[in-house]
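With PDB, C-alpha atoms inside, this is start_6.pdb:
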ATOM      1  CA  MET A   1       8.295 -21.688  13.987
ATOM      2  CA  PHE A   2       5.041 -19.760  13.957
ATOM      3  CA  PHE A   3       6.705 -16.777  15.624
ATOM      4  CA  SER A   4       9.475 -16.738  12.987
ATOM      5  CA  HIS A   5       6.837 -16.582  10.236
ATOM      6  CA  LEU A   6       4.997 -13.802  12.068
ATOM      7  CA  LEU A   7       8.214 -11.831  12.531
ATOM      8  CA  LEU A   8       9.353 -12.361   8.943
ATOM      9  CA  GLY A   9       6.009 -11.196   7.576
ATOM     10  CA  PHE A  10       6.150  -8.135   9.824
ATOM     11  CA  ILE A  11       9.693  -7.195   8.753
ATOM     12  CA  ILE A  12       9.037  -7.684   5.032
ATOM     13  CA  SER A  13       5.862  -5.590   4.967
ATOM     14  CA  TYR A  14       7.281  -2.861   7.219
ATOM     15  CA  ALA A  15      10.388  -2.550   5.056
ATOM     16  CA  GLY A  16       8.472  -2.855   1.792
ATOM     17  CA  TYR A  17       6.023  -0.079   2.662
ATOM     18  CA  THR A  18       8.555   2.261   4.290
ATOM     19  CA  PRO A  19       9.468   4.412   1.241
ATOM     20  CA  PRO A  20       7.098   7.365   0.617
ATOM     21  CA  SER A  21       4.136   6.061  -1.352
ATOM     22  CA  MET A  22       0.484   6.704  -2.051
ATOM     23  CA  LEU A  23      -0.708   5.037   1.169
ATOM     24  CA  ASN A  24       1.694   6.441   3.741
ATOM     25  CA  ILE A  25       1.654   9.984   2.355
ATOM     26  CA  THR A  26      -2.149   9.914   2.229
ATOM     27  CA  VAL A  27      -2.467   8.749   5.840
ATOM     28  CA  SER A  28      -0.130  11.575   6.862
ATOM     29  CA  LYS A  29      -2.347  14.028   5.021
ATOM     30  CA  ILE A  30      -5.477  12.681   6.735
ATOM     31  CA  ARG A  31      -3.827  13.070  10.147
ATOM     32  CA  VAL A  32      -2.770  16.650   9.418
ATOM     33  CA  GLU A  33      -6.161  17.741   8.069
ATOM     34  CA  ASN A  34      -8.346  15.871  10.567
ATOM     35  CA  ASN A  35      -7.615  13.760  13.635
ATOM     36  CA  LYS A  36      -5.810  10.643  14.842
ATOM     37  CA  LYS A  37      -8.935   8.459  14.911
ATOM     38  CA  ALA A  38      -9.709   9.205  11.278
ATOM     39  CA  ALA A  39      -6.133   8.353  10.316
ATOM     40  CA  TYR A  40      -6.281   5.012  12.133
ATOM     41  CA  GLN A  41      -9.541   4.191  10.382
ATOM     42  CA  PHE A  42      -7.627   4.610   7.127
ATOM     43  CA  VAL A  43      -4.757   2.482   8.487
ATOM     44  CA  LEU A  44      -7.116  -0.369   9.367
ATOM     45  CA  GLY A  45      -8.892  -0.303   6.010
ATOM     46  CA  ALA A  46      -5.668  -0.197   3.999
ATOM     47  CA  SER A  47      -3.992  -2.936   6.067
ATOM     48  CA  LEU A  48      -6.947  -5.319   5.770
ATOM     49  CA  VAL A  49      -6.736  -5.123   1.994
ATOM     50  CA  VAL A  50      -2.988  -5.830   2.074
ATOM     51  CA  PHE A  51      -3.727  -8.941   4.173
ATOM     52  CA  PHE A  52      -6.001 -10.327   1.448
ATOM     53  CA  GLN A  53      -3.727  -9.132  -1.365
ATOM     54  CA  PHE A  54      -1.056 -11.450   0.005
ATOM     55  CA  PHE A  55      -3.402 -14.445  -0.221
ATOM     56  CA  LEU A  56      -4.244 -13.439  -3.787
ATOM     57  CA  ALA A  57      -0.518 -13.305  -4.521
ATOM     58  CA  VAL A  58      -0.114 -16.830  -3.107
ATOM     59  CA  LEU A  59      -2.959 -18.037  -5.338
ATOM     60  CA  ILE A  60      -1.446 -16.348  -8.384
ATOM     61  CA  THR A  61       1.940 -17.886  -7.601
ATOM     62  CA  SER A  62       0.406 -21.362  -7.593
ATOM     63  CA  VAL A  63      -1.019 -20.923 -11.097
ATOM     64  CA  LEU A  64       1.632 -18.611 -12.516
ATOM     65  CA  HIS A  65       3.321 -21.353 -14.517
ATOM     66  CA  GLN A  66      -0.004 -21.937 -16.311
ATOM     67  CA  PHE A  67      -0.996 -18.287 -16.713
ATOM     68  CA  PRO A  68       2.175 -16.145 -16.764
ATOM     69  CA  GLN A  69       0.221 -13.297 -18.377
ATOM     70  CA  LEU A  70      -1.545 -12.586 -15.065
ATOM     71  CA  ILE A  71       1.259 -10.392 -13.744
ATOM     72  CA  TYR A  72       1.481  -8.642 -17.116
ATOM     73  CA  TRP A  73      -2.198  -7.680 -16.995
ATOM     74  CA  ILE A  74      -2.060  -6.689 -13.329
ATOM     75  CA  LYS A  75       0.778  -4.298 -14.137
ATOM     76  CA  ASN A  76      -1.136  -2.890 -17.114
ATOM     77  CA  ILE A  77      -4.152  -2.226 -14.913
ATOM     78  CA  GLY A  78      -1.798  -0.624 -12.392
ATOM     79  CA  ILE A  79      -0.467   1.755 -15.056
ATOM     80  CA  VAL A  80      -3.991   2.953 -15.874
ATOM     81  CA  VAL A  81      -5.032   3.278 -12.229
ATOM     82  CA  PHE A  82      -1.914   5.160 -11.155
ATOM     83  CA  SER A  83      -2.162   7.473 -14.158
ATOM     84  CA  ILE A  84      -5.722   8.399 -13.167
ATOM     85  CA  LEU A  85      -4.715   8.864  -9.526
ATOM     86  CA  SER A  86      -1.763  11.013 -10.528
ATOM     87  CA  ILE A  87      -3.973  13.364 -12.534
ATOM     88  CA  ASN A  88      -6.548  13.467  -9.719
ATOM     89  CA  PHE A  89      -4.075  14.321  -6.931
ATOM     90  CA  LEU A  90      -2.179  16.837  -9.050
ATOM     91  CA  GLN A  91      -5.437  18.574  -9.885
ATOM     92  CA  LYS A  92      -6.398  18.730  -6.199
ATOM     93  CA  GLY A  93      -2.988  20.102  -5.257
ATOM     94  CA  ILE A  94      -3.052  22.777  -7.937
ATOM     95  CA  THR A  95      -6.664  23.855  -7.379
ATOM     96  CA  SER A  96      -6.219  23.811  -3.557
ATOM     97  CA  LYS A  97      -9.258  21.609  -3.030
ATOM     98  CA  LYS A  98      -9.221  19.355   0.024
ATOM     99  CA  LYS A  99     -10.814  15.965   0.399
ATOM    100  CA  ASP A 100     -13.283  15.743   3.286
ATOM    101  CA  PHE A 101     -12.072  12.937   5.535
ATOM    102  CA  LYS A 102     -14.098  13.933   8.594
ATOM    103  CA  SER A 103     -16.332  10.888   8.409
ATOM    104  CA  LYS A 104     -14.560   7.947  10.055
ATOM    105  CA  LYS A 105     -16.538   5.549   7.921
ATOM    106  CA  ASN A 106     -15.381   7.361   4.792
ATOM    107  CA  CYS A 107     -11.771   7.166   5.967
ATOM    108  CA  PHE A 108     -12.064   3.415   6.528
ATOM    109  CA  LEU A 109     -13.601   2.899   3.087
ATOM    110  CA  PHE A 110     -11.103   5.287   1.541
ATOM    111  CA  GLY A 111      -8.274   3.202   3.012
ATOM    112  CA  ILE A 112      -9.824   0.057   1.554
ATOM    113  CA  SER A 113     -10.318   1.574  -1.892
ATOM    114  CA  LEU A 114      -6.885   3.192  -2.117
ATOM    115  CA  SER A 115      -5.142   0.016  -0.969
ATOM    116  CA  PHE A 116      -7.289  -2.110  -3.282
ATOM    117  CA  ILE A 117      -6.196  -0.204  -6.385
ATOM    118  CA  ASN A 118      -2.542  -0.422  -5.351
ATOM    119  CA  MET A 119      -1.854  -3.065  -8.002
ATOM    120  CA  PHE A 120       1.879  -3.161  -7.301
ATOM    121  CA  ALA A 121       1.350  -4.869  -3.946
ATOM    122  CA  ILE A 122       0.396  -8.140  -5.641
ATOM    123  CA  PRO A 123       3.510  -8.480  -7.859
ATOM    124  CA  PHE A 124       5.611  -7.522  -4.836
ATOM    125  CA  PHE A 125       4.112 -10.326  -2.760
ATOM    126  CA  VAL A 126       4.280 -12.798  -5.649
ATOM    127  CA  VAL A 127       8.027 -12.228  -5.993
ATOM    128  CA  THR A 128       8.587 -12.191  -2.220
ATOM    129  CA  TYR A 129       6.559 -15.332  -1.550
ATOM    130  CA  SER A 130       8.159 -17.206  -4.442
ATOM    131  CA  PHE A 131      11.661 -16.291  -3.265
ATOM    132  CA  LEU A 132      11.044 -17.185   0.385
ATOM    133  CA  SER A 133       9.264 -20.457  -0.332
ATOM    134  CA  LEU A 134      11.863 -21.623  -2.864
ATOM    135  CA  ARG A 135      14.675 -20.834  -0.406
ATOM    136  CA  GLY A 136      12.857 -22.646   2.391
ATOM    137  CA  PHE A 137      12.478 -19.558   4.576
ATOM    138  CA  ILE A 138       8.720 -20.085   4.941
ATOM    139  CA  ASN A 139       6.563 -23.180   5.214
ATOM    140  CA  THR A 140       3.867 -23.394   2.528
ATOM    141  CA  ASN A 141       1.451 -25.125   4.889
ATOM    142  CA  LEU A 142      -1.780 -23.121   5.164
ATOM    143  CA  ASN A 143      -1.413 -22.506   8.905
ATOM    144  CA  TYR A 144       2.037 -20.993   8.442
ATOM    145  CA  ILE A 145       0.840 -18.916   5.488
ATOM    146  CA  ILE A 146      -1.964 -17.471   7.627
ATOM    147  CA  VAL A 147       0.513 -16.567  10.380
ATOM    148  CA  PHE A 148       2.861 -15.014   7.805
ATOM    149  CA  ALA A 149      -0.053 -13.003   6.347
ATOM    150  CA  PHE A 150      -0.987 -11.785   9.820
ATOM    151  CA  GLY A 151       2.616 -10.655  10.258
ATOM    152  CA  ILE A 152       2.305  -8.719   7.005
ATOM    153  CA  PHE A 153      -0.906  -7.125   8.277
ATOM    154  CA  LEU A 154       0.768  -6.071  11.539
ATOM    155  CA  GLY A 155       3.774  -4.718   9.659
ATOM    156  CA  VAL A 156       1.619  -2.481   7.463
ATOM    157  CA  VAL A 157      -0.364  -1.307  10.497
ATOM    158  CA  ALA A 158       2.874  -0.471  12.318
ATOM    159  CA  LEU A 159       4.401   1.318   9.323
ATOM    160  CA  LEU A 160       1.320   3.430   8.559
ATOM    161  CA  SER A 161       0.946   4.170  12.285
ATOM    162  CA  SER A 162       4.534   5.431  12.261
ATOM    163  CA  TYR A 163       3.562   7.913   9.547
ATOM    164  CA  VAL A 164       0.536   8.943  11.621
ATOM    165  CA  PHE A 165       2.808   9.530  14.626
ATOM    166  CA  LEU A 166       5.282  11.582  12.603
ATOM    167  CA  ALA A 167       2.483  13.622  11.016
ATOM    168  CA  GLN A 168       1.056  14.289  14.473
ATOM    169  CA  LYS A 169       4.455  15.293  15.814
ATOM    170  CA  PHE A 170       5.108  17.740  12.976
ATOM    171  CA  LYS A 171       1.492  18.737  12.326
ATOM    172  CA  SER A 172       2.040  22.476  12.808
ATOM    173  CA  LYS A 173       4.834  22.414  10.243
ATOM    174  CA  LEU A 174       2.936  20.266   7.740
ATOM    175  CA  ILE A 175      -0.401  22.138   7.706
ATOM    176  CA  PRO A 176       0.798  24.836   5.259
ATOM    177  CA  TYR A 177       1.945  22.100   2.895
ATOM    178  CA  THR A 178      -1.179  19.922   2.635
ATOM    179  CA  ASN A 179      -1.700  20.939  -0.992
ATOM    180  CA  SER A 180       1.933  20.092  -1.647
ATOM    181  CA  LEU A 181       1.236  16.614  -0.264
ATOM    182  CA  ASN A 182      -1.428  16.176  -2.947
ATOM    183  CA  ILE A 183       1.075  17.221  -5.589
ATOM    184  CA  PHE A 184       3.699  14.877  -4.132
ATOM    185  CA  ILE A 185       1.267  11.930  -4.187
ATOM    186  CA  GLY A 186       0.441  12.813  -7.791
ATOM    187  CA  ILE A 187       4.133  12.831  -8.713
ATOM    188  CA  VAL A 188       4.744   9.483  -6.971
ATOM    189  CA  THR A 189       1.804   7.748  -8.653
ATOM    190  CA  GLY A 190       2.731   9.292 -12.004
ATOM    191  CA  PHE A 191       6.307   8.055 -11.635
ATOM    192  CA  LEU A 192       5.069   4.544 -10.800
ATOM    193  CA  ALA A 193       2.875   4.520 -13.908
ATOM    194  CA  ILE A 194       5.729   5.694 -16.157
ATOM    195  CA  TYR A 195       8.296   3.357 -14.578
ATOM    196  CA  THR A 196       6.022   0.328 -14.936
ATOM    197  CA  GLY A 197       5.230   1.239 -18.539
ATOM    198  CA  ILE A 198       8.932   1.470 -19.371
ATOM    199  CA  LYS A 199       9.647  -1.877 -17.683
ATOM    200  CA  LEU A 200       6.826  -3.581 -19.577
ATOM    201  CA  TYR A 201       7.271  -2.171 -23.058
ATOM    202  CA  PHE A 202      10.949  -1.167 -23.420
TER     203      PHE A 202
END

Can you present the structure in this file as structure tokens?
Amino acid sequence: MFFSHLLLGFIISYAGYTPPSMLNITVSKIRVENNKKAAYQFVLGASLVVFFQFFLAVLITSVLHQFPQLIYWIKNIGIVVFSILSINFLQKGITSKKKDFKSKKNCFLFGISLSFINMFAIPFFVVTYSFLSLRGFINTNLNYIIVFAFGIFLGVVALLSSYVFLAQKFKSKLIPYTNSLNIFIGIVTGFLAIYTGIKLYF
């Protein structure tokens, strides 16, 4: 039973974070510009935040019927944050300025901060947890929730590590395009801000 929760958490997070996004494109960029250790520092920082974001999502789910506006405000904050990030990354890509990731400590903290402001992770986990618990796929006992959350953590670590591996494998081909990666991240975050705004207000 515990293993099934661990495996389910792993599969859901790996699949959910697979599409190109702010986190996995950024970790690829760190690997290309610096080294593998720095990239894994980012992976650890980002994954730890996702672990706790799931618990926050569980807490929000438990009080959602009393405060349904929580998700609304989280998405509004996400719009603002992603808009700012979009402008920031686009500016870096256009002006050809590179972020200094050489400090491993900075990479770890950068992973934490970037994952922390990824507001869309919480609604994703709220919907996922609600669906799975209502269908009886997961046990809502605290011990099972912890195991499920650990599976989510491992899934994110594995997914981001896959991007690190691919970036390492194709490093020589990606180096000329590091500024383009900044622009791509800016486009992705800008699209997320616009898409969320449309879903909320139209």

All file atoms of segment 163-173 of chain A boxed axis-aligned, 4 Å per side, centre plus edges, as AutoDock Vina command-line options:
--center_x 2.9 --center_y 15.2 --center_z 12.7 --size_x 12.7 --size_y 22.6 --size_z 14.3

I would like the residues chosen by the PyMOL selection byres ((chain A and resi 132-146) around 10) on the shown file; could you give them as a PDB file with C-alpha atoms, in the coordinates of the input?
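Below is the file selection_35.pdb, written as the result:
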ATOM      1  CA  MET A   1       8.295 -21.688  13.987  1.00  0.00           C
ATOM      2  CA  PHE A   2       5.041 -19.760  13.957  1.00  0.00           C
ATOM      3  CA  PHE A   3       6.705 -16.777  15.624  1.00  0.00           C
ATOM      4  CA  SER A   4       9.475 -16.738  12.987  1.00  0.00           C
ATOM      5  CA  HIS A   5       6.837 -16.582  10.236  1.00  0.00           C
ATOM      6  CA  LEU A   6       4.997 -13.802  12.068  1.00  0.00           C
ATOM      7  CA  LEU A   8       9.353 -12.361   8.943  1.00  0.00           C
ATOM      8  CA  GLY A   9       6.009 -11.196   7.576  1.00  0.00           C
ATOM      9  CA  PHE A  51      -3.727  -8.941   4.173  1.00  0.00           C
ATOM     10  CA  PHE A  54      -1.056 -11.450   0.005  1.00  0.00           C
ATOM     11  CA  PHE A  55      -3.402 -14.445  -0.221  1.00  0.00           C
ATOM     12  CA  VAL A  58      -0.114 -16.830  -3.107  1.00  0.00           C
ATOM     13  CA  VAL A 127       8.027 -12.228  -5.993  1.00  0.00           C
ATOM     14  CA  THR A 128       8.587 -12.191  -2.220  1.00  0.00           C
ATOM     15  CA  TYR A 129       6.559 -15.332  -1.550  1.00  0.00           C
ATOM     16  CA  SER A 130       8.159 -17.206  -4.442  1.00  0.00           C
ATOM     17  CA  PHE A 131      11.661 -16.291  -3.265  1.00  0.00           C
ATOM     18  CA  VAL A 147       0.513 -16.567  10.380  1.00  0.00           C
ATOM     19  CA  PHE A 148       2.861 -15.014   7.805  1.00  0.00           C
ATOM     20  CA  ALA A 149      -0.053 -13.003   6.347  1.00  0.00           C
ATOM     21  CA  PHE A 150      -0.987 -11.785   9.820  1.00  0.00           C
ATOM     22  CA  GLY A 151       2.616 -10.655  10.258  1.00  0.00           C
ATOM     23  CA  ILE A 152       2.305  -8.719   7.005  1.00  0.00           C
TER      24      ILE A 152
END

> Could you spell out the hits of the PyMOL selection byres ((chain A and resi 15) around 12) on the shown file, as a PyMOL selection string?
Replying inline: chain A and resi 8-14+16-20+152+155-156+158-160

> atom CA of Ser21 of chain A to atom CA of Leu192 of chain A: how many Å, to one decimal?
Replying inline: 9.6 Å

>> Can you translate the PyMOL selection byres ((chain A and resi 109) around 12) into the concrete residues it hits in this file, as an MDAnalysis selection string?
In response: chainID A and resid 38:49 101 103:108 110:116

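For the choices A:Ile79, A:Asn182, A:Val164, A:Leu90, the atom-to-atom distance to Thr196 of chain A is smallest for A:Ile79 when using only C-alpha atoms.
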
>> Between atom CA of Val81 of chain A and atom CA of Asn118 of chain A, what is the distance in Å, rounded to a tenth?
In response: 8.2 Å

>> As an exercise, work out the distance from atom CA of Lys36 of chain A to atom CA of Gly93 of chain A in Å and give it to one decimal place.
In response: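 Interatomic distance here is 22.4 Å.
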
> Within 9 Å of Tyr163 of chain A, counting only C-alpha atoms, which residues qualify if same-chain residues fewer than 4 places away don't, as number ranges by chain?
Replying inline: A: 24-25, 27-28, 158-159, 167-168

>> I'd like the contact shell of Gly197 of chain A - 9 Å cut-off, all atoms listed in the file, skipping same-chain residues fewer than 4 positions apart - returned as a count of residues only.
In response: 7

Can you put N, CA and C atoms back into segment 101-135 of chain A and show it as a compact mmCIF listing (two decimals), keeping the file's coordinate frame?
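The file below, selection-v4.txt, is the result:
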# COMPACT_ATOMS: atom_id res chain seq x y z
N PHE A 101 -12.30 14.22 4.89
CA PHE A 101 -12.07 12.94 5.54
C PHE A 101 -12.73 12.89 6.92
N LYS A 102 -13.60 13.82 7.22
CA LYS A 102 -14.10 13.93 8.59
C LYS A 102 -14.94 12.74 9.01
N SER A 103 -15.57 12.08 8.07
CA SER A 103 -16.33 10.89 8.41
C SER A 103 -15.40 9.71 8.60
N LYS A 104 -15.43 9.08 9.79
CA LYS A 104 -14.56 7.95 10.06
C LYS A 104 -14.87 6.79 9.12
N LYS A 105 -16.15 6.61 8.82
CA LYS A 105 -16.54 5.55 7.92
C LYS A 105 -15.93 5.78 6.55
N ASN A 106 -15.96 7.04 6.08
CA ASN A 106 -15.38 7.36 4.79
C ASN A 106 -13.88 7.10 4.79
N CYS A 107 -13.21 7.40 5.89
CA CYS A 107 -11.77 7.17 5.97
C CYS A 107 -11.45 5.68 5.90
N PHE A 108 -12.26 4.86 6.56
CA PHE A 108 -12.06 3.42 6.53
C PHE A 108 -12.25 2.90 5.11
N LEU A 109 -13.32 3.33 4.45
CA LEU A 109 -13.60 2.90 3.09
C LEU A 109 -12.58 3.47 2.11
N PHE A 110 -12.12 4.68 2.39
CA PHE A 110 -11.10 5.29 1.54
C PHE A 110 -9.80 4.50 1.64
N GLY A 111 -9.46 4.04 2.84
CA GLY A 111 -8.27 3.20 3.01
C GLY A 111 -8.39 1.90 2.25
N ILE A 112 -9.59 1.30 2.30
CA ILE A 112 -9.82 0.06 1.55
C ILE A 112 -9.68 0.28 0.06
N SER A 113 -10.33 1.33 -0.44
CA SER A 113 -10.32 1.57 -1.89
C SER A 113 -8.93 1.93 -2.41
N LEU A 114 -8.21 2.77 -1.66
CA LEU A 114 -6.88 3.19 -2.12
C LEU A 114 -5.90 2.03 -2.09
N SER A 115 -6.01 1.19 -1.06
CA SER A 115 -5.14 0.02 -0.97
C SER A 115 -5.51 -1.02 -2.02
N PHE A 116 -6.81 -1.13 -2.30
CA PHE A 116 -7.29 -2.11 -3.28
C PHE A 116 -6.74 -1.83 -4.68
N ILE A 117 -6.67 -0.54 -5.05
CA ILE A 117 -6.20 -0.20 -6.38
C ILE A 117 -4.67 -0.10 -6.47
N ASN A 118 -4.00 -0.39 -5.34
CA ASN A 118 -2.54 -0.42 -5.35
C ASN A 118 -2.09 -1.75 -5.96
N MET A 119 -2.11 -1.82 -7.28
CA MET A 119 -1.85 -3.06 -8.00
C MET A 119 -0.43 -3.59 -7.81
N PHE A 120 0.48 -2.74 -7.40
CA PHE A 120 1.88 -3.16 -7.30
C PHE A 120 2.13 -4.01 -6.06
N ALA A 121 1.19 -4.03 -5.14
CA ALA A 121 1.35 -4.87 -3.95
C ALA A 121 1.35 -6.35 -4.32
N ILE A 122 0.51 -6.72 -5.28
CA ILE A 122 0.40 -8.14 -5.64
C ILE A 122 1.67 -8.67 -6.29
N PRO A 123 2.22 -8.00 -7.32
CA PRO A 123 3.51 -8.48 -7.86
C PRO A 123 4.61 -8.52 -6.82
N PHE A 124 4.61 -7.54 -5.90
CA PHE A 124 5.61 -7.52 -4.84
C PHE A 124 5.51 -8.78 -3.97
N PHE A 125 4.30 -9.15 -3.60
CA PHE A 125 4.11 -10.33 -2.76
C PHE A 125 4.33 -11.62 -3.54
N VAL A 126 4.02 -11.61 -4.82
CA VAL A 126 4.28 -12.80 -5.65
C VAL A 126 5.77 -13.10 -5.67
N VAL A 127 6.57 -12.07 -5.94
CA VAL A 127 8.03 -12.23 -5.99
C VAL A 127 8.57 -12.62 -4.62
N THR A 128 8.10 -11.93 -3.58
CA THR A 128 8.59 -12.19 -2.22
C THR A 128 8.25 -13.61 -1.77
N TYR A 129 7.00 -14.00 -1.97
CA TYR A 129 6.56 -15.33 -1.55
C TYR A 129 7.30 -16.42 -2.32
N SER A 130 7.46 -16.22 -3.62
CA SER A 130 8.16 -17.21 -4.44
C SER A 130 9.60 -17.37 -3.97
N PHE A 131 10.26 -16.25 -3.71
CA PHE A 131 11.66 -16.29 -3.26
C PHE A 131 11.79 -17.01 -1.92
N LEU A 132 10.95 -16.62 -0.97
CA LEU A 132 11.04 -17.18 0.38
C LEU A 132 10.69 -18.66 0.43
N SER A 133 9.67 -19.05 -0.35
CA SER A 133 9.26 -20.46 -0.33
C SER A 133 10.29 -21.33 -1.04
N LEU A 134 10.85 -20.84 -2.14
CA LEU A 134 11.86 -21.62 -2.86
C LEU A 134 13.14 -21.78 -2.05
N ARG A 135 13.47 -20.77 -1.24
CA ARG A 135 14.68 -20.83 -0.41
C ARG A 135 14.43 -21.55 0.92
